[in-house]
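Enquirer: One structure is given below, represented as structure tokens, and several questions about it will come after.
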Amino acid sequence: MSIFVFPDLWVLLLIGYLIGSVNLSVLLGKWIGKDIRGVGTGNPGASNVYRNLGQAFGAAILVLDACKALLPMIIVSNWYGATHPPEIGLGMAIAVACTAQIGHCWTVFHKFRGGKGVAVSAGLFIGFGVIGGPEFGVNNHIYPIIGTAGYLVGIRVRKPGMAMGMMVLLSVPIGLILGVSGEILIGSGMTTGLFFIRRMQDIFPFWSHTSNRWFLIWSVVMDDIVPGQILVGRRG
């Protein structure tokens, strides 16, 4: 049964989008009197907050942004899982979490210019393990552990954006190797696609200004940097 036959799904998708659209980094910046969009990379996300406003603020934004996806997944999964087959609850939870990621990346409150969705993606992957119960296979619990470990390594070497970028892009192959459920594989593909589209949006304005385009793609997709910063001396 398709999850899209449920009329209230569309209301939940809208709620998920609006939750994701609340940019907590911008709100934090206003609270402390500093616009996060005007410092560092200008990205209103956890990595930029971590580098420019302090580790404590960065960690707080990371957790809160991750909860944009994680909490709706738990609520929706429990709500529908109680009265429908488990795969329906899982599918609807993943769909709502993906709209939260869309809202974070293209927020209606800031002219559709939001963060890059790294922390929200992390929340979605953690959600796979939380709501992907035994009926979906034990590897569903191993899956987010691998992703979380990669992210913690990234924090340790001060490259969290790169670490999560690698985990997101490798999520589908890792899922296939582990044999996770189809719903989780689809969710992984969706969050990977959204992650890549958001990063490519930063690349396109600079595409014609460099001959080393593979370097441009790698640098922007794999880390939280401003494309213009890497083009100095690379115009060909």
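The way I read the labels, and the way they are meant: chains A, B, ... in the order of the structure tokens, residue 1 as the first residue of every chain, and ligand 1 as the first ligand shown, with later ones counted on from there.
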What's the 12 Å shell around Phe109 of chain A, counting only C-alpha atoms, without same-chain residues fewer than 3 positions away, as an MDAnalysis selection string?

Expert: chainID A and resid 17:24 26:27 103:106 112:114

Enquirer: One decimal, in Å: what's the spacing between atom CA of Ser25 of chain A and atom CA of Asn43 of chain A?

Expert: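 These atoms are spaced 9.1 Å apart.
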
Enquirer: Enumerate the residues of segment 2-97 of chain A with a DSSP assignment of alpha helix (DSSP H), computed from the backbone, and present them as a ChimeraX atom specification.

Expert: /A:8-21,24-32,46-52,55-81,86-97

Enquirer: Find the residues near Leu176 of chain A: any atom within 8 Å, counting only C-alpha atoms, skip ones fewer than 4 places away on the same chain, and give them as a list in words.

Expert: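 The filter keeps Val172, Val180 and Leu185 of chain A.
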
Enquirer: Could you write those residues out with C-alpha atoms, as a PDB file, in the first residue's frame?

Expert:
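For reference, out.pdb as written:
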ATOM      1  CA  VAL A 172      22.931   3.875  -0.342  1.00  0.00           C
ATOM      2  CA  VAL A 180      18.584  -2.698   5.138  1.00  0.00           C
ATOM      3  CA  LEU A 185      17.107   2.622   1.229  1.00  0.00           C
TER       4      LEU A 185
END

Enquirer: What is the distance between atom CA of Asp202 of chain A and atom CA of Asn52 of chain A, in Å to one decimal?

Expert: 20.4 Å

Enquirer: So how far away is atom CA of Asn78 of chain A from atom CA of Gly45 of chain A, in Å?

Expert: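 Answer for the atom CA of Gly45 of chain A to atom CA of Asn78 of chain A separation: 29.0 Å.
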
Enquirer: Of the candidates A:Gly40, A:His110, A:Trp79, A:Ile184, which shows the shortest atom-to-atom distance to Leu53 of chain A, using only C-alpha atoms?

Expert: A:Gly40

Enquirer: May I have the residues within 6 Å of segment 69-71 of chain A as a list in words, using only C-alpha atoms and disregarding those fewer than 6 positions away in the same chain?

Expert: Ala97, Ala100, Val120, Gly123, Leu124 and Gly127 of chain A

Enquirer: Tell me, as a ChimeraX atom specification, which residues lie within 6 Å of Ala93 of chain A, counting only C-alpha atoms; anything in the same chain fewer than 6 positions away does not count.

Expert: /A:73,76-77
